[in-house]
Amino acid sequence: MAAALIGSAAAGPVTLRSYDGAVAISGDLVEFTGDVFVLRTTIGDLRINAMQVACEGEGCPDPSLLRSEFAMAGSDEIGATLMPALLLAYADSLDADLLQSREGDSLIARIRSAAGADLATVTIREGESEDAFKALLAGDAAIGMSARPVSDAELAALRAAGAPDITDPAHERIIALDGLVVVVAPSNPIDALSQEDIADIFAGEITNWSELGGPDAPIVIYAPEGESSARAMFEENILQPLGLSIGDGAKLFQNDGDLADQVALDPNGIGFVSIASVRAAKPVAIRTECGLIATPDPFGIKTEEYPLARRLYLYTKDETLPPHAKQLLAFAQSSQAQPVIADAGYVDQGIESRTINEQGMRFAMAFTDPSPEFRYGQMRELATELLGAERLSATFRFNPGSSQLDNKAQLDVKRVIEYLSQPTIGEKEVLLIGFTDSVGRADLNRALSFRRADQVRAAIEAAAPAGALDKIDFRVMGYGELAPVGCNESLAGRRINRRVELWIRDKF
């Protein structure tokens, strides 16, 4: 209803002026959609982002239609640090100021133009991920913040209340990546632990560091409180596969930063926190079942091959959002936001490359696979194909039980195009290599992996602007279940092996 009123009310001469005053355009305002002005000028109709300019003149729409007031609710892992950083950068993109204050348990962020006009008021209520979906269901927030995907039960409750499918890309936005990191004090000599050792420690089965090659000292366990999404993920991936749970003697914390600070001060302590909250504590690498050492580095989290990598989400329910809410969501996924996300301590989704030498441990461990199904010839063929190539961090995955690219992969298509279109890239060959899990016949899996890789190629070429990738040659390959990281499927879950990797090298 609001959009129709805006469209019918907008008419007359106006001046649209950028917030820094550097640019001003005059003409007749013939349409205002809520976030776009359509201005009729002597050179034709211009469409101008309403979030980037101030409107002056009798033909301007009611100022209240240009202001946005909305609430965000959910995970404090997003709301406490990441969203304030993104809001500040978003305000900067408008040449506006961000004023922050506390009202009870909520952060109030006000975006104000250089001329003193109020553009938006955003209320951020921090809690747990489940609070995001409760708030969306109750209509108490326009945007839900979650450190995990919506559950089937939460999705069903929203659908029953008349909400759209919020797993659709129009409603589910992955804004950053994160990883749970096992941490100890800097003085602790332990640098890596197996997943089984980690499970036994937190379950209280291993109680002294000497059992792990450390000093003769009791282990002190630190953990998030029970409702934490971090704790739920840790239990699901580390403890539950072994039928264990966190022991009763653990010291519990509401805040990751406080937990990490206490572990850093306790030479006998161990805990797990978000990668953004490690602070002075020492990260511990995870030794997988086949001996591969998985370190919590940004590249491993971007490929989602680090066993405890996770995605951070913003969800919406309503089809129509306040203009600045819509703009903020777009900004949070833009290339402009990626350095902001990294500076906040999280892992951004910008594309990085890594040489095959830096990926060498993956292949070294794969060549030592003792299983009778191991195909040495195919592994040698793959290693030969990748000589001189670098791996890109964009790794494509599909919705469970579907041939459709998942929401992250659909955005990664655009990111890959932007990366490959850079003038510095030059003439390259891009290898798209598909892998599957080991369920089913090997020959069928290899054919499926080829089709999936070719599907990614087609999606990239279809989305690329004309001429953008003229210097790029694509080559599609499928290696089925011959996955160099296959040994940690049981730890990292279903996402690990069913994927398409991108490698890049100079044309021969």
# chains A, B, ... in the order shown; residues from 1 in each chain; ligands from 1
>>> residues_around(residues="A:Ser335", least_positions_apart="2", cutoff="9 Å", atoms="only C-alpha atoms", output="list in words")
Phe331, Ala332, Gln333, Ala337, Gln338, Pro339, Gln349, Gly350 and Arg415 of chain A
>>> write_last_selection(atoms="N, CA, C and O atoms", output="tab-separated table (two decimals), in the first residue's frame")
chain	number	residue	atom	x	y	z
A	331	PHE	N	24.03	-3.82	0.86
A	331	PHE	CA	25.38	-3.38	1.19
A	331	PHE	C	26.16	-4.48	1.91
A	331	PHE	O	27.36	-4.69	1.64
A	332	ALA	N	25.51	-5.20	2.82
A	332	ALA	CA	26.19	-6.22	3.62
A	332	ALA	C	26.75	-7.34	2.77
A	332	ALA	O	27.70	-8.02	3.18
A	333	GLN	N	26.21	-7.56	1.57
A	333	GLN	CA	26.71	-8.61	0.68
A	333	GLN	C	27.57	-8.06	-0.44
A	333	GLN	O	28.06	-8.82	-1.27
A	337	ALA	N	31.56	-4.16	1.39
A	337	ALA	CA	31.43	-4.58	2.79
A	337	ALA	C	32.48	-5.60	3.20
A	337	ALA	O	32.70	-5.81	4.41
A	338	GLN	N	33.14	-6.27	2.25
A	338	GLN	CA	34.03	-7.37	2.61
A	338	GLN	C	35.20	-6.94	3.51
A	338	GLN	O	35.50	-7.63	4.50
A	339	PRO	N	35.88	-5.83	3.24
A	339	PRO	CA	36.95	-5.41	4.16
A	339	PRO	C	36.43	-5.07	5.56
A	339	PRO	O	37.12	-5.27	6.55
A	349	GLN	N	33.77	-12.84	2.29
A	349	GLN	CA	33.52	-13.75	1.17
A	349	GLN	C	34.24	-13.31	-0.11
A	349	GLN	O	33.95	-13.82	-1.19
A	350	GLY	N	35.18	-12.37	0.02
A	350	GLY	CA	36.00	-12.01	-1.12
A	350	GLY	C	36.86	-13.18	-1.55
A	350	GLY	O	37.25	-14.03	-0.75
A	415	ARG	N	30.62	-13.13	-7.66
A	415	ARG	CA	31.94	-12.78	-7.14
A	415	ARG	C	33.05	-13.31	-8.05
A	415	ARG	O	34.07	-12.65	-8.26
>>> atom_distance(atom1="atom CA of A:Asp140", atom2="atom CA of A:Asp258")
29.2 Å
>>> residues_around(residues="A:Gly21", least_positions_apart="6", cutoff="10 Å", atoms="only C-alpha atoms", output="PyMOL selection string")
chain A and resi 53-54+95+114-115
>>> closest_residue(among="A:Ala264, A:Leu29, A:Val416, A:Tyr313", to="A:Met83", atoms="only C-alpha atoms")
A:Tyr313
>>> closest_residue(among="A:Asp62, A:Ala409, A:Arg40, A:Tyr315", to="A:Gly74", atoms="only C-alpha atoms")
A:Tyr315
>>> residues_around(residues="A:Glu225", least_positions_apart="5", cutoff="12 Å", atoms="only C-alpha atoms", output="PyMOL selection string")
chain A and resi 128+230-232+246+248+250-256+259+271-273
>>> select_by_dssp(residues="stretch 428-471 of chain A", states="strand (DSSP E)", output="PyMOL selection string")
chain A and resi 428-435
>>> write_last_selection(atoms="N, CA, C and O atoms", output="JSON list (two decimals), in the first residue's frame")
[["chain", "number", "residue", "atom", "x", "y", "z"],
["A", 428, "LYS", "N", 43.69, -16.44, -18.77],
["A", 428, "LYS", "CA", 43.81, -17.55, -17.84],
["A", 428, "LYS", "C", 42.95, -18.73, -18.29],
["A", 428, "LYS", "O", 42.00, -18.57, -19.06],
["A", 429, "GLU", "N", 43.31, -19.89, -17.78],
["A", 429, "GLU", "CA", 42.47, -21.07, -17.90],
["A", 429, "GLU", "C", 41.91, -21.36, -16.51],
["A", 429, "GLU", "O", 42.65, -21.42, -15.53],
["A", 430, "VAL", "N", 40.59, -21.51, -16.43],
["A", 430, "VAL", "CA", 39.93, -21.82, -15.16],
["A", 430, "VAL", "C", 39.47, -23.27, -15.21],
["A", 430, "VAL", "O", 38.74, -23.68, -16.12],
["A", 431, "LEU", "N", 39.91, -24.05, -14.24],
["A", 431, "LEU", "CA", 39.54, -25.45, -14.13],
["A", 431, "LEU", "C", 38.41, -25.58, -13.12],
["A", 431, "LEU", "O", 38.53, -25.14, -11.97],
["A", 432, "LEU", "N", 37.29, -26.14, -13.55],
["A", 432, "LEU", "CA", 36.17, -26.40, -12.65],
["A", 432, "LEU", "C", 36.15, -27.91, -12.39],
["A", 432, "LEU", "O", 35.93, -28.70, -13.31],
["A", 433, "ILE", "N", 36.38, -28.29, -11.13],
["A", 433, "ILE", "CA", 36.57, -29.70, -10.79],
["A", 433, "ILE", "C", 35.49, -30.12, -9.81],
["A", 433, "ILE", "O", 35.39, -29.60, -8.69],
["A", 434, "GLY", "N", 34.67, -31.07, -10.23],
["A", 434, "GLY", "CA", 33.59, -31.56, -9.40],
["A", 434, "GLY", "C", 33.99, -32.77, -8.58],
["A", 434, "GLY", "O", 34.78, -33.62, -9.03],
["A", 435, "PHE", "N", 33.45, -32.85, -7.36],
["A", 435, "PHE", "CA", 33.64, -33.99, -6.47],
["A", 435, "PHE", "C", 32.28, -34.38, -5.89],
["A", 435, "PHE", "O", 31.36, -33.57, -5.81]]
>>> closest_residue(among="A:Leu137, A:Ala389, A:Ile221, A:Leu502", to="A:Asp454", atoms="only C-alpha atoms")
A:Leu502
>>> closest_residue(among="A:Asp168, A:Leu46, A:Pro215, A:Leu239", to="A:Ile201", atoms="only C-alpha atoms")
A:Leu239
>>> closest_residue(among="A:Ser26, A:Ser187, A:Ser334, A:Ser353", to="A:Ala280", atoms="only C-alpha atoms")
A:Ser187
>>> atom_distance(atom1="atom CA of A:Ile25", atom2="atom CA of A:Leu119")
20.0 Å
